[in-house]
Amino acid sequence: MNLNRKSFMFDMVLFELQDIVGRGNVSVKEADKLAYSVDYYWISELWHDRSGPLTTADFIVQPQSSQQISKIMVLANEYKLPVTVWGGGGGSQGGALAVFGGIIMDVKKMNRVIEIDKVSMTVEAETGILMQNLEWELEKHGLSTMHIPASIFCSTLGGFLAHRGTGVLSTKYGKMEDMVVSMEVVLPTGEIIESLPVNKTASGPDLNWIFIGSEGTLGVITKVKVTVKKMPQVRKFQAFLYKDLARGLEAGKNLMHEGIKPSVIRLYDAEETKSLVKRVMGVDREGAYLVYGVEGYEDVVELEAKHAYKIASKGGEDLGTETGKLWWDTRYKFFYPPYYFSMPQAFGTCDTVATYANIESVYWNMKNSVAEKFPQARFIGHFSHWFDWGAMLYARFIIDNPPSDKHQAVSLYNDVWNTVIRAALKEGGVLNEHHGIGLKLGRLMKEQYGPSFKIIKDLKKMLDPNHIMNPGKMGLGVR
Amino acid sequence: MEIEKTRQIIKSCRYCLMCKHVCPSGSYSYFESDYPRGRALIMDRVLEGKNDYTKDMIDALYNCFLCDSCHASCEGDWELPQAVRQARYDIVARDLEPQRAKEIKESLQNTGHPFVGETLDPVRISSQKECDLLYVMGPYIRFKQHDIAKAAKSIIEASGDCFSILEDEPDCGAVLDMLGYRKEAENKGRALFNKIGHRKPKRILVSDPLLYYCISSLFKDWGLDTGKDMAIEHISGYVLRNLKAGRLDLKKFDERVTLVDSEYLCRFCDYCLEPREVLKEVCGKNFVEMRHRKKQMIATGEAAFFFNGGKVEGSLLGKRIAQEAEAVRAGTAVTLSGTAKENLSSSFSGKVLEFGEFIRELIQ
């Protein structure tokens, strides 16, 4: 579907795009096409690694305002050109790849902090801002969104909304989506709309929720107002070791159900404790490593920590506050080379979420299904986001030596994914908790939703009649 | 290929995005090829023979400001700028470098300064012939930032030292090396080294971070040993030493002041302490640190020679530093290079002074 570069139509469209955003804000350079052909999705990395033809956009466009985005949408509809929104390019699901060519709309120049409202404790910003840059702005005022995932360095505010991101402190402060007060969206047909100024209304469905998690298939979120918090006076961490996962899960559940509000609970299974926790943190123990944190006023934290300790120590070995703090200090290190997995390994993060009643069986069914069908694969996992009703499993499979033939490698990769996801679904899990669907899991959307997927498909048809927005993603196909 | 030497760095960085937030060239254009991962992807393609260097790719590799911000923030300690420098050697070896690089090289070769097309006179400062202290300026100060040299002169004289300068001081080769002209750089460095050696100073004093880096680091790479009897010192270290020895009498500064770190002094040469010790001494509690400082500093653009073949808009680089300086309510920002001063001046609401210039104002 790429435009023929040598045809005059290419130049015609290029001219129109330049007219909208300015000449310097459109790139058709090969260097950029290369750089935008890979995100954090393993298959895009594989294709690059194994010399496959690159999946490239025709035009990379950098709008600087909602009005410019609106004009780009109108133009894209006129020429039926695909539009794929690109934030930081840190997505692991292939959601930002222009798999059918057309326009990549890189929104990073829309990065203004519009207003920090200390009265209402909100910040309004353009969504192209890198999350860490937003945090640094807030830090000047002693504030934080408290959305601080490992991808904070490379992902945008809008990117986190697009796939419903979760930060490391989500257990206390919620997911990105829980922080949204209001937003501005440019619809696929070019209209610029705003959701209501606040979200706790009784005026019908909340429009925010149509666009949160829509992964650039239903419009472009251009501005958002999110809640902010004051930085806590103290943060305290404590680590425990459990003989097995079940005891660790029990401790985590009890921490959530006994009136404590931990900022974080992270429980590593025995395999991940033995491998990554050891490698990154130097904690060399057999069993399931658990760390939790509490934060706020010092005296309140002392009290919470005391009660939390009592709860978590049942069946657990005290590894101390220092080992807990060590995890906090090294939490990002897990995601840097050489600690993170890399080519030629095949690897995937199959995060899922389920109720406490189901989460352990989800884990075991996923793990066993991989072990049975793919003996060459390792399966590790940790539980990192805890809710009142259940927990999120950040499971990963790793195959050290996938086939060298890229087509066979893709086939194997997708086979593992289908197997592990179906195992999760069977036990009450879902496709994903915070990485989104993208290209990677789109084929499984109808399987997960069943007949209700029609609602999402119809919504897509209605909002994006020419199907220009991010085709091929979220199981919504192409026009 | 020279980039073969940095294979492991390239392989580690080609899919990693974790330094995106600190890259100044990325946040200059916001195009992905101008971020570290984009460059690593390009080098990986070339390394594996999947692509030859194209003009676009060469531009992207020359758009890197070699500030080491990506490396400074990397938990894995991957030094991508090192790979970029190797790539530039390869590009030059194949005569593929951007026209602007060629022009800068020619300017350095013909005039001794990198300011293409400009007719500039070197600063004139009086000095003595046979002193133990030799003040070496570097082309930026010698040809453009004259006031920095004059400030250094005032400081040296106030400290009671005799100093010499070099007639027709040769360029040290740092800029040429960064642009990929390794051989020419080394030749330049050798010329400077010989000229310095001829004078037999006990101490070489510099104000320019790039020059400090060149003499203390690149000279070693080129096998040019200044020896144990010839110490190199940055003006901040000189001031600190003389302050402590009671040879330099400075007034106290009673307004809020902050320090803008230098990538080439602090990051590359680990020379972070001396300027802040001086500021603490003369400013006391009025010296305030910015959020990003020392090795986590925001790059000032000391090696930002051009971007996509054209002029670098310095104010875009200075803007974030200015915001941080304002966040700590500093009325004065002290920089360690003329480039940093220039880049910050248009964005910062307060006063911007290069270190030596700031100290000169305090001489009793």
# chains A, B, ... in the order shown; residues from 1 in each chain; ligands from 1
>>> residues_around(residues="Thr300 (chain B)", least_positions_apart="2", cutoff="12 Å", atoms="only C-alpha atoms", output="mmCIF file with N, CA, C and O atoms, in the first residue's frame")
data_model
loop_
_atom_site.group_PDB
_atom_site.id
_atom_site.type_symbol
_atom_site.label_atom_id
_atom_site.label_comp_id
_atom_site.auth_asym_id
_atom_site.auth_seq_id
_atom_site.Cartn_x
_atom_site.Cartn_y
_atom_site.Cartn_z
ATOM 1 N N VAL B 22 16.982 11.814 27.437
ATOM 2 C CA VAL B 22 18.123 12.696 27.726
ATOM 3 C C VAL B 22 18.871 13.142 26.473
ATOM 4 O O VAL B 22 19.802 13.934 26.566
ATOM 5 N N CYS B 23 18.488 12.637 25.314
ATOM 6 C CA CYS B 23 19.261 12.921 24.103
ATOM 7 C C CYS B 23 18.936 14.316 23.556
ATOM 8 O O CYS B 23 17.808 14.579 23.139
ATOM 9 N N PRO B 24 19.903 15.223 23.542
ATOM 10 C CA PRO B 24 19.606 16.577 23.074
ATOM 11 C C PRO B 24 19.391 16.681 21.568
ATOM 12 O O PRO B 24 18.647 17.544 21.115
ATOM 13 N N SER B 25 20.017 15.803 20.795
ATOM 14 C CA SER B 25 19.789 15.920 19.347
ATOM 15 C C SER B 25 18.421 15.346 18.996
ATOM 16 O O SER B 25 17.749 15.827 18.086
ATOM 17 N N PHE B 65 25.476 15.037 19.022
ATOM 18 C CA PHE B 65 26.275 16.103 19.630
ATOM 19 C C PHE B 65 27.435 15.554 20.467
ATOM 20 O O PHE B 65 28.105 16.325 21.149
ATOM 21 N N LEU B 66 27.617 14.257 20.447
ATOM 22 C CA LEU B 66 28.716 13.615 21.186
ATOM 23 C C LEU B 66 28.800 14.124 22.621
ATOM 24 O O LEU B 66 29.892 14.388 23.146
ATOM 25 N N CYS B 67 27.645 14.246 23.249
ATOM 26 C CA CYS B 67 27.609 14.829 24.598
ATOM 27 C C CYS B 67 27.650 13.765 25.681
ATOM 28 O O CYS B 67 27.806 14.078 26.852
ATOM 29 N N ASP B 68 27.453 12.502 25.273
ATOM 30 C CA ASP B 68 27.513 11.377 26.194
ATOM 31 C C ASP B 68 26.316 11.304 27.156
ATOM 32 O O ASP B 68 26.360 10.560 28.135
ATOM 33 N N SER B 69 25.262 12.044 26.870
ATOM 34 C CA SER B 69 24.094 11.989 27.759
ATOM 35 C C SER B 69 23.505 10.585 27.804
ATOM 36 O O SER B 69 23.075 10.110 28.859
ATOM 37 N N PRO B 209 36.716 23.654 27.844
ATOM 38 C CA PRO B 209 36.564 22.225 28.165
ATOM 39 C C PRO B 209 37.030 21.296 27.052
ATOM 40 O O PRO B 209 37.626 20.254 27.321
ATOM 41 N N LEU B 259 25.512 26.516 38.714
ATOM 42 C CA LEU B 259 26.598 26.115 37.824
ATOM 43 C C LEU B 259 26.050 25.261 36.682
ATOM 44 O O LEU B 259 25.317 24.302 36.918
ATOM 45 N N VAL B 260 26.420 25.633 35.465
ATOM 46 C CA VAL B 260 26.062 24.826 34.297
ATOM 47 C C VAL B 260 27.248 23.917 33.995
ATOM 48 O O VAL B 260 28.308 24.417 33.598
ATOM 49 N N ASP B 261 27.091 22.646 34.218
ATOM 50 C CA ASP B 261 28.214 21.725 34.024
ATOM 51 C C ASP B 261 28.600 21.627 32.545
ATOM 52 O O ASP B 261 27.819 21.973 31.655
ATOM 53 N N SER B 262 29.797 21.106 32.346
ATOM 54 C CA SER B 262 30.311 20.919 30.983
ATOM 55 C C SER B 262 30.426 19.435 30.691
ATOM 56 O O SER B 262 31.007 18.689 31.486
ATOM 57 N N GLU B 263 29.903 19.021 29.530
ATOM 58 C CA GLU B 263 30.010 17.589 29.210
ATOM 59 C C GLU B 263 31.470 17.162 29.030
ATOM 60 O O GLU B 263 31.866 16.081 29.427
ATOM 61 N N TYR B 264 32.273 18.059 28.462
ATOM 62 C CA TYR B 264 33.654 17.635 28.184
ATOM 63 C C TYR B 264 34.562 17.729 29.410
ATOM 64 O O TYR B 264 35.546 17.007 29.494
ATOM 65 N N LEU B 265 34.205 18.569 30.369
ATOM 66 C CA LEU B 265 34.995 18.592 31.604
ATOM 67 C C LEU B 265 34.503 17.513 32.565
ATOM 68 O O LEU B 265 35.263 16.690 33.043
ATOM 69 N N CYS B 266 33.218 17.548 32.827
ATOM 70 C CA CYS B 266 32.683 16.707 33.894
ATOM 71 C C CYS B 266 32.485 15.262 33.434
ATOM 72 O O CYS B 266 32.985 14.335 34.063
ATOM 73 N N ARG B 267 31.771 15.087 32.321
ATOM 74 C CA ARG B 267 31.472 13.718 31.888
ATOM 75 C C ARG B 267 32.701 12.986 31.370
ATOM 76 O O ARG B 267 32.957 11.862 31.738
ATOM 77 N N HIS B 292 19.500 18.627 37.332
ATOM 78 C CA HIS B 292 20.410 17.796 36.536
ATOM 79 C C HIS B 292 21.789 18.403 36.573
ATOM 80 O O HIS B 292 22.003 19.503 36.052
ATOM 81 N N ARG B 293 22.693 17.705 37.191
ATOM 82 C CA ARG B 293 24.028 18.269 37.397
ATOM 83 C C ARG B 293 25.061 17.161 37.334
ATOM 84 O O ARG B 293 24.725 15.986 37.264
ATOM 85 N N GLN B 296 24.940 13.821 35.307
ATOM 86 C CA GLN B 296 23.542 13.780 34.843
ATOM 87 C C GLN B 296 23.094 15.137 34.299
ATOM 88 O O GLN B 296 21.898 15.380 34.142
ATOM 89 N N MET B 297 24.026 15.994 34.032
ATOM 90 C CA MET B 297 23.739 17.329 33.504
ATOM 91 C C MET B 297 22.968 17.282 32.180
ATOM 92 O O MET B 297 22.976 16.263 31.486
ATOM 93 N N ILE B 298 22.347 18.392 31.846
ATOM 94 C CA ILE B 298 21.746 18.527 30.515
ATOM 95 C C ILE B 298 22.862 19.017 29.582
ATOM 96 O O ILE B 298 23.584 19.959 29.925
ATOM 97 N N GLU B 302 28.482 21.460 23.539
ATOM 98 C CA GLU B 302 29.878 21.853 23.296
ATOM 99 C C GLU B 302 30.432 21.266 21.992
ATOM 100 O O GLU B 302 31.342 21.829 21.398
ATOM 101 N N ALA B 303 29.875 20.119 21.581
ATOM 102 C CA ALA B 303 30.352 19.518 20.324
ATOM 103 C C ALA B 303 29.226 19.471 19.279
ATOM 104 O O ALA B 303 29.193 18.595 18.428
ATOM 105 N N ALA B 304 28.322 20.433 19.386
ATOM 106 C CA ALA B 304 27.235 20.519 18.395
ATOM 107 C C ALA B 304 27.693 21.456 17.276
ATOM 108 O O ALA B 304 27.453 22.653 17.329
ATOM 109 N N PHE B 305 28.354 20.884 16.302
ATOM 110 C CA PHE B 305 28.977 21.726 15.273
ATOM 111 C C PHE B 305 28.006 22.131 14.168
ATOM 112 O O PHE B 305 28.075 23.210 13.618
ATOM 113 N N VAL B 312 23.370 25.066 14.100
ATOM 114 C CA VAL B 312 22.632 24.577 15.273
ATOM 115 C C VAL B 312 21.996 25.783 15.971
ATOM 116 O O VAL B 312 22.681 26.772 16.240
ATOM 117 N N GLU B 313 20.716 25.672 16.221
ATOM 118 C CA GLU B 313 20.017 26.734 16.938
ATOM 119 C C GLU B 313 20.303 26.556 18.430
ATOM 120 O O GLU B 313 19.634 25.791 19.129
ATOM 121 N N GLY B 314 21.326 27.248 18.902
ATOM 122 C CA GLY B 314 21.819 27.038 20.260
ATOM 123 C C GLY B 314 20.776 27.276 21.331
ATOM 124 O O GLY B 314 20.778 26.625 22.372
ATOM 125 N N SER B 315 19.847 28.202 21.066
ATOM 126 C CA SER B 315 18.857 28.518 22.101
ATOM 127 C C SER B 315 17.979 27.311 22.416
ATOM 128 O O SER B 315 17.474 27.162 23.525
ATOM 129 N N LEU B 316 17.817 26.417 21.429
ATOM 130 C CA LEU B 316 17.013 25.218 21.687
ATOM 131 C C LEU B 316 17.729 24.298 22.678
ATOM 132 O O LEU B 316 17.101 23.590 23.461
ATOM 133 N N LEU B 317 19.061 24.320 22.618
ATOM 134 C CA LEU B 317 19.822 23.505 23.560
ATOM 135 C C LEU B 317 19.845 24.153 24.946
ATOM 136 O O LEU B 317 19.851 23.468 25.961
ATOM 137 N N GLY B 318 19.868 25.465 24.949
ATOM 138 C CA GLY B 318 19.965 26.173 26.229
ATOM 139 C C GLY B 318 18.655 26.263 26.985
ATOM 140 O O GLY B 318 18.639 26.493 28.196
ATOM 141 N N LYS B 319 17.554 26.051 26.281
ATOM 142 C CA LYS B 319 16.238 26.301 26.872
ATOM 143 C C LYS B 319 15.982 25.476 28.146
ATOM 144 O O LYS B 319 15.535 25.987 29.163
ATOM 145 N N ARG B 320 16.274 24.188 28.050
ATOM 146 C CA ARG B 320 15.985 23.318 29.203
ATOM 147 C C ARG B 320 16.887 23.645 30.394
ATOM 148 O O ARG B 320 16.474 23.577 31.538
ATOM 149 N N ILE B 321 18.121 24.002 30.077
ATOM 150 C CA ILE B 321 19.040 24.371 31.164
ATOM 151 C C ILE B 321 18.523 25.643 31.837
ATOM 152 O O ILE B 321 18.504 25.758 33.062
ATOM 153 N N ALA B 322 18.080 26.574 31.000
ATOM 154 C CA ALA B 322 17.556 27.833 31.530
ATOM 155 C C ALA B 322 16.355 27.579 32.439
ATOM 156 O O ALA B 322 16.232 28.165 33.514
ATOM 157 N N THR B 335 28.674 29.292 33.469
ATOM 158 C CA THR B 335 28.938 28.191 32.541
ATOM 159 C C THR B 335 30.440 27.900 32.506
ATOM 160 O O THR B 335 31.229 28.711 32.978
ATOM 161 N N LEU B 336 30.781 26.780 31.947
ATOM 162 C CA LEU B 336 32.193 26.417 31.870
ATOM 163 C C LEU B 336 32.737 26.517 30.453
ATOM 164 O O LEU B 336 33.888 26.172 30.207
ATOM 165 N N SER B 337 31.888 26.924 29.544
ATOM 166 C CA SER B 337 32.380 27.132 28.177
ATOM 167 C C SER B 337 31.650 28.313 27.545
ATOM 168 O O SER B 337 30.523 28.658 27.950
ATOM 169 N N GLY B 338 32.292 28.874 26.567
ATOM 170 C CA GLY B 338 31.668 29.966 25.829
ATOM 171 C C GLY B 338 30.457 29.488 25.058
ATOM 172 O O GLY B 338 29.467 30.206 24.907
ATOM 173 N N THR B 339 30.528 28.245 24.586
ATOM 174 C CA THR B 339 29.398 27.687 23.837
ATOM 175 C C THR B 339 28.173 27.584 24.732
ATOM 176 O O THR B 339 27.066 27.960 24.338
ATOM 177 N N ALA B 340 28.381 27.070 25.946
ATOM 178 C CA ALA B 340 27.261 26.947 26.879
ATOM 179 C C ALA B 340 26.689 28.325 27.193
ATOM 180 O O ALA B 340 25.469 28.509 27.252
ATOM 181 N N LYS B 341 27.578 29.287 27.354
ATOM 182 C CA LYS B 341 27.129 30.656 27.653
ATOM 183 C C LYS B 341 26.238 31.186 26.525
ATOM 184 O O LYS B 341 25.158 31.713 26.753
ATOM 185 N N GLU B 342 26.739 30.977 25.325
ATOM 186 C CA GLU B 342 26.011 31.458 24.148
ATOM 187 C C GLU B 342 24.642 30.769 24.023
ATOM 188 O O GLU B 342 23.625 31.411 23.784
ATOM 189 N N ASN B 343 24.630 29.451 24.221
ATOM 190 C CA ASN B 343 23.384 28.708 24.059
ATOM 191 C C ASN B 343 22.350 29.029 25.132
ATOM 192 O O ASN B 343 21.153 28.949 24.906
ATOM 193 N N LEU B 344 22.847 29.403 26.304
ATOM 194 C CA LEU B 344 21.943 29.676 27.421
ATOM 195 C C LEU B 344 21.433 31.109 27.424
ATOM 196 O O LEU B 344 20.311 31.373 27.883
ATOM 197 N N SER B 345 22.254 32.001 26.910
ATOM 198 C CA SER B 345 21.982 33.438 27.063
ATOM 199 C C SER B 345 20.613 33.879 26.569
ATOM 200 O O SER B 345 19.943 34.677 27.230
#
>>> interface_residues(of="chain A", to="chain B", cutoff="8 Å", atoms="only C-alpha atoms", output="list in words")
Lys29, Glu30, Ala31, Asp32, Leu34, Ala35, Tyr36, Val38, Asp39, Tyr40, Glu45, Ser51, Gly90, Asp106, Lys108, Lys109, Leu130, Gln132, Asn133, Lys140, Ser151, Phe153, Cys154, Lys333, Tyr336, Pro337, Pro338 and Tyr339 of chain A
>>> write_last_selection(atoms="N, CA, C and O atoms", output="short mmCIF file (atom, residue, chain, number, x, y, z; two decimals), in the first residue's frame")
data_model
loop_
_atom_site.label_atom_id
_atom_site.label_comp_id
_atom_site.auth_asym_id
_atom_site.auth_seq_id
_atom_site.Cartn_x
_atom_site.Cartn_y
_atom_site.Cartn_z
N LYS A 29 13.02 10.65 4.67
CA LYS A 29 14.39 10.14 4.63
C LYS A 29 14.42 8.64 4.89
O LYS A 29 13.66 8.14 5.74
N GLU A 30 15.33 7.99 4.23
CA GLU A 30 15.49 6.55 4.46
C GLU A 30 15.91 6.27 5.90
O GLU A 30 15.50 5.28 6.50
N ALA A 31 16.74 7.16 6.45
CA ALA A 31 17.20 6.96 7.83
C ALA A 31 16.02 6.96 8.79
O ALA A 31 15.96 6.16 9.74
N ASP A 32 15.06 7.84 8.55
CA ASP A 32 13.89 7.87 9.43
C ASP A 32 12.97 6.68 9.17
O ASP A 32 12.42 6.11 10.11
N LEU A 34 13.81 3.84 8.34
CA LEU A 34 14.44 2.74 9.07
C LEU A 34 14.12 2.84 10.57
O LEU A 34 13.68 1.87 11.19
N ALA A 35 14.32 4.03 11.11
CA ALA A 35 14.16 4.19 12.56
C ALA A 35 12.70 3.99 13.00
O ALA A 35 12.45 3.55 14.12
N TYR A 36 11.76 4.31 12.13
CA TYR A 36 10.34 4.14 12.48
C TYR A 36 9.81 2.76 12.08
O TYR A 36 8.63 2.50 12.23
N VAL A 38 10.89 -0.02 13.37
CA VAL A 38 11.08 -0.93 14.51
C VAL A 38 10.59 -0.24 15.77
O VAL A 38 10.99 0.89 16.04
N ASP A 39 9.69 -0.90 16.48
CA ASP A 39 9.39 -0.39 17.82
C ASP A 39 9.95 -1.40 18.82
O ASP A 39 11.05 -1.90 18.62
N TYR A 40 9.20 -1.74 19.85
CA TYR A 40 9.73 -2.68 20.84
C TYR A 40 9.10 -4.07 20.65
O TYR A 40 9.17 -4.92 21.53
N GLU A 45 11.77 -6.36 15.48
CA GLU A 45 13.21 -6.49 15.74
C GLU A 45 13.79 -7.67 14.95
O GLU A 45 14.88 -7.58 14.37
N SER A 51 17.33 -9.25 8.23
CA SER A 51 17.34 -8.62 6.89
C SER A 51 16.03 -8.74 6.13
O SER A 51 16.03 -8.84 4.90
N GLY A 90 7.99 3.06 22.05
CA GLY A 90 8.38 2.06 23.05
C GLY A 90 7.38 0.93 23.22
O GLY A 90 7.52 0.10 24.12
N ASP A 106 4.14 11.47 14.09
CA ASP A 106 4.97 11.51 15.30
C ASP A 106 4.55 12.74 16.10
O ASP A 106 4.73 13.87 15.64
N LYS A 108 5.65 13.85 19.04
CA LYS A 108 6.55 14.28 20.13
C LYS A 108 6.78 15.80 20.20
O LYS A 108 7.22 16.30 21.22
N LYS A 109 6.48 16.49 19.11
CA LYS A 109 6.63 17.95 19.18
C LYS A 109 5.46 18.60 19.93
O LYS A 109 5.51 19.78 20.25
N LEU A 130 7.34 13.24 26.58
CA LEU A 130 7.88 12.02 27.17
C LEU A 130 7.55 12.06 28.67
O LEU A 130 7.68 13.09 29.32
N GLN A 132 8.91 11.03 31.35
CA GLN A 132 9.95 11.48 32.30
C GLN A 132 10.09 12.99 32.26
O GLN A 132 10.30 13.62 33.30
N ASN A 133 9.93 13.58 31.09
CA ASN A 133 10.02 15.03 31.00
C ASN A 133 8.86 15.70 31.74
O ASN A 133 9.04 16.74 32.38
N LYS A 140 9.50 19.90 39.94
CA LYS A 140 9.85 21.27 40.35
C LYS A 140 8.83 21.82 41.35
O LYS A 140 9.11 22.75 42.09
N SER A 151 9.22 2.20 31.28
CA SER A 151 9.24 2.86 29.98
C SER A 151 9.05 4.37 30.09
O SER A 151 8.87 5.05 29.08
N PHE A 153 11.11 6.58 30.41
CA PHE A 153 12.16 7.30 29.71
C PHE A 153 11.90 7.41 28.21
O PHE A 153 12.49 8.24 27.53
N CYS A 154 11.09 6.52 27.69
CA CYS A 154 10.98 6.47 26.23
C CYS A 154 9.54 6.53 25.73
O CYS A 154 9.32 6.49 24.52
N LYS A 333 16.86 -1.11 36.05
CA LYS A 333 18.02 -1.83 35.50
C LYS A 333 17.60 -3.11 34.79
O LYS A 333 18.24 -3.55 33.84
N TYR A 336 17.43 -2.74 30.93
CA TYR A 336 18.57 -2.30 30.10
C TYR A 336 19.36 -3.51 29.61
O TYR A 336 19.48 -4.50 30.34
N PRO A 337 19.93 -3.39 28.39
CA PRO A 337 20.88 -4.43 28.01
C PRO A 337 22.11 -4.34 28.92
O PRO A 337 22.49 -3.23 29.26
N PRO A 338 22.70 -5.39 29.38
CA PRO A 338 22.46 -6.77 28.99
C PRO A 338 21.47 -7.51 29.89
O PRO A 338 21.36 -8.72 29.80
N TYR A 339 20.77 -6.80 30.80
CA TYR A 339 19.89 -7.48 31.75
C TYR A 339 18.59 -7.91 31.08
O TYR A 339 17.97 -8.89 31.46
#
>>> select_by_dssp(residues="region 28-197 of chain B", states="strand (DSSP E)", output="PyMOL selection string")
chain B and resi 133-136+163-165
>>> residues_around(residues="Glu2 (chain B)", least_positions_apart="4", cutoff="9 Å", atoms="only C-alpha atoms", output="list in words")
Thr6, Ala83, Gln86, Ala87, Arg88, Tyr89 and Asp90 of chain B
>>> residues_around(residues="region 317-329 of chain A", least_positions_apart="4", cutoff="7 Å", atoms="only C-alpha atoms", output="PyMOL selection string")
chain A and resi 237-242+281+291+313
>>> residues_around(residues="region 357-359 of chain B", least_positions_apart="4", cutoff="10 Å", atoms="only C-alpha atoms", output="mmCIF file with N, CA and C atoms, in the first residue's frame")
data_model
loop_
_atom_site.group_PDB
_atom_site.id
_atom_site.type_symbol
_atom_site.label_atom_id
_atom_site.label_comp_id
_atom_site.auth_asym_id
_atom_site.auth_seq_id
_atom_site.Cartn_x
_atom_site.Cartn_y
_atom_site.Cartn_z
ATOM 1 N N ASP B 147 36.722 37.492 25.484
ATOM 2 C CA ASP B 147 36.566 37.944 26.869
ATOM 3 C C ASP B 147 36.954 36.850 27.875
ATOM 4 N N ILE B 148 36.808 35.603 27.457
ATOM 5 C CA ILE B 148 37.176 34.498 28.353
ATOM 6 C C ILE B 148 38.692 34.503 28.575
ATOM 7 N N ALA B 149 39.420 34.768 27.527
ATOM 8 C CA ALA B 149 40.882 34.846 27.651
ATOM 9 C C ALA B 149 41.285 36.038 28.519
ATOM 10 N N LYS B 150 40.591 37.138 28.306
ATOM 11 C CA LYS B 150 40.920 38.336 29.095
ATOM 12 C C LYS B 150 40.610 38.123 30.577
ATOM 13 N N ALA B 151 39.525 37.409 30.819
ATOM 14 C CA ALA B 151 39.157 37.109 32.212
ATOM 15 C C ALA B 151 40.222 36.214 32.850
ATOM 16 N N ALA B 152 40.665 35.225 32.096
ATOM 17 C CA ALA B 152 41.694 34.317 32.615
ATOM 18 C C ALA B 152 42.965 35.104 32.943
ATOM 19 N N SER B 154 43.189 38.224 33.830
ATOM 20 C CA SER B 154 42.972 38.982 35.068
ATOM 21 C C SER B 154 43.123 38.076 36.291
ATOM 22 N N ILE B 155 42.610 36.880 36.180
ATOM 23 C CA ILE B 155 42.679 35.948 37.317
ATOM 24 C C ILE B 155 44.135 35.556 37.598
ATOM 25 N N ILE B 235 40.833 26.324 34.481
ATOM 26 C CA ILE B 235 40.833 27.598 35.217
ATOM 27 C C ILE B 235 40.129 27.467 36.579
ATOM 28 N N SER B 236 39.117 26.590 36.655
ATOM 29 C CA SER B 236 38.404 26.427 37.931
ATOM 30 C C SER B 236 39.322 25.788 38.979
ATOM 31 N N VAL B 239 41.785 28.475 40.085
ATOM 32 C CA VAL B 239 41.179 29.422 41.029
ATOM 33 C C VAL B 239 41.067 28.771 42.413
ATOM 34 N N LEU B 250 38.957 37.008 46.707
ATOM 35 C CA LEU B 250 37.706 37.254 45.974
ATOM 36 C C LEU B 250 36.624 37.782 46.920
ATOM 37 N N LYS B 251 35.806 38.654 46.365
ATOM 38 C CA LYS B 251 34.642 39.152 47.125
ATOM 39 C C LYS B 251 33.624 38.039 47.233
ATOM 40 N N PHE B 253 29.913 36.629 46.826
ATOM 41 C CA PHE B 253 28.817 36.934 45.882
ATOM 42 C C PHE B 253 27.516 36.663 46.615
ATOM 43 N N VAL B 278 34.719 26.115 44.126
ATOM 44 C CA VAL B 278 34.969 27.559 44.059
ATOM 45 C C VAL B 278 33.675 28.327 44.330
ATOM 46 N N LEU B 279 32.603 27.894 43.677
ATOM 47 C CA LEU B 279 31.338 28.612 43.852
ATOM 48 C C LEU B 279 30.827 28.503 45.290
ATOM 49 N N VAL B 282 32.861 31.086 47.290
ATOM 50 C CA VAL B 282 32.571 32.521 47.123
ATOM 51 C C VAL B 282 31.085 32.871 47.258
ATOM 52 N N THR B 332 22.015 34.190 38.513
ATOM 53 C CA THR B 332 23.198 34.094 37.656
ATOM 54 C C THR B 332 23.492 32.631 37.362
ATOM 55 N N ALA B 333 23.780 32.342 36.112
ATOM 56 C CA ALA B 333 24.209 30.993 35.732
ATOM 57 C C ALA B 333 25.656 31.085 35.288
ATOM 58 N N VAL B 334 26.497 30.253 35.897
ATOM 59 C CA VAL B 334 27.914 30.238 35.543
ATOM 60 C C VAL B 334 28.167 29.031 34.655
ATOM 61 N N THR B 335 28.674 29.292 33.469
ATOM 62 C CA THR B 335 28.938 28.191 32.541
ATOM 63 C C THR B 335 30.440 27.900 32.506
ATOM 64 N N LEU B 336 30.781 26.780 31.947
ATOM 65 C CA LEU B 336 32.193 26.417 31.870
ATOM 66 C C LEU B 336 32.737 26.517 30.453
ATOM 67 N N VAL B 352 24.186 35.408 32.515
ATOM 68 C CA VAL B 352 24.992 34.215 32.188
ATOM 69 C C VAL B 352 26.450 34.650 32.027
ATOM 70 N N LEU B 353 27.316 34.014 32.797
ATOM 71 C CA LEU B 353 28.745 34.334 32.711
ATOM 72 C C LEU B 353 29.554 33.064 32.626
ATOM 73 N N ILE B 363 37.182 39.734 41.779
ATOM 74 C CA ILE B 363 38.556 40.013 42.221
ATOM 75 C C ILE B 363 38.585 41.330 42.999
#
>>> closest_residue(among="A:Val234, A:Met105, A:Leu439, A:Leu476", to="Ser92 (chain A)", atoms="only C-alpha atoms")
A:Leu439
>>> residues_around(residues="region 444-458 of chain A", least_positions_apart="3", cutoff="9 Å", atoms="only C-alpha atoms", output="list in words")
Asn418, Ile421, Arg422, Leu425, Val430, Leu431, Ile437, Lys440, Leu441, Lys461, Met462, Leu463, Met474, Gly475 and Leu476 of chain A
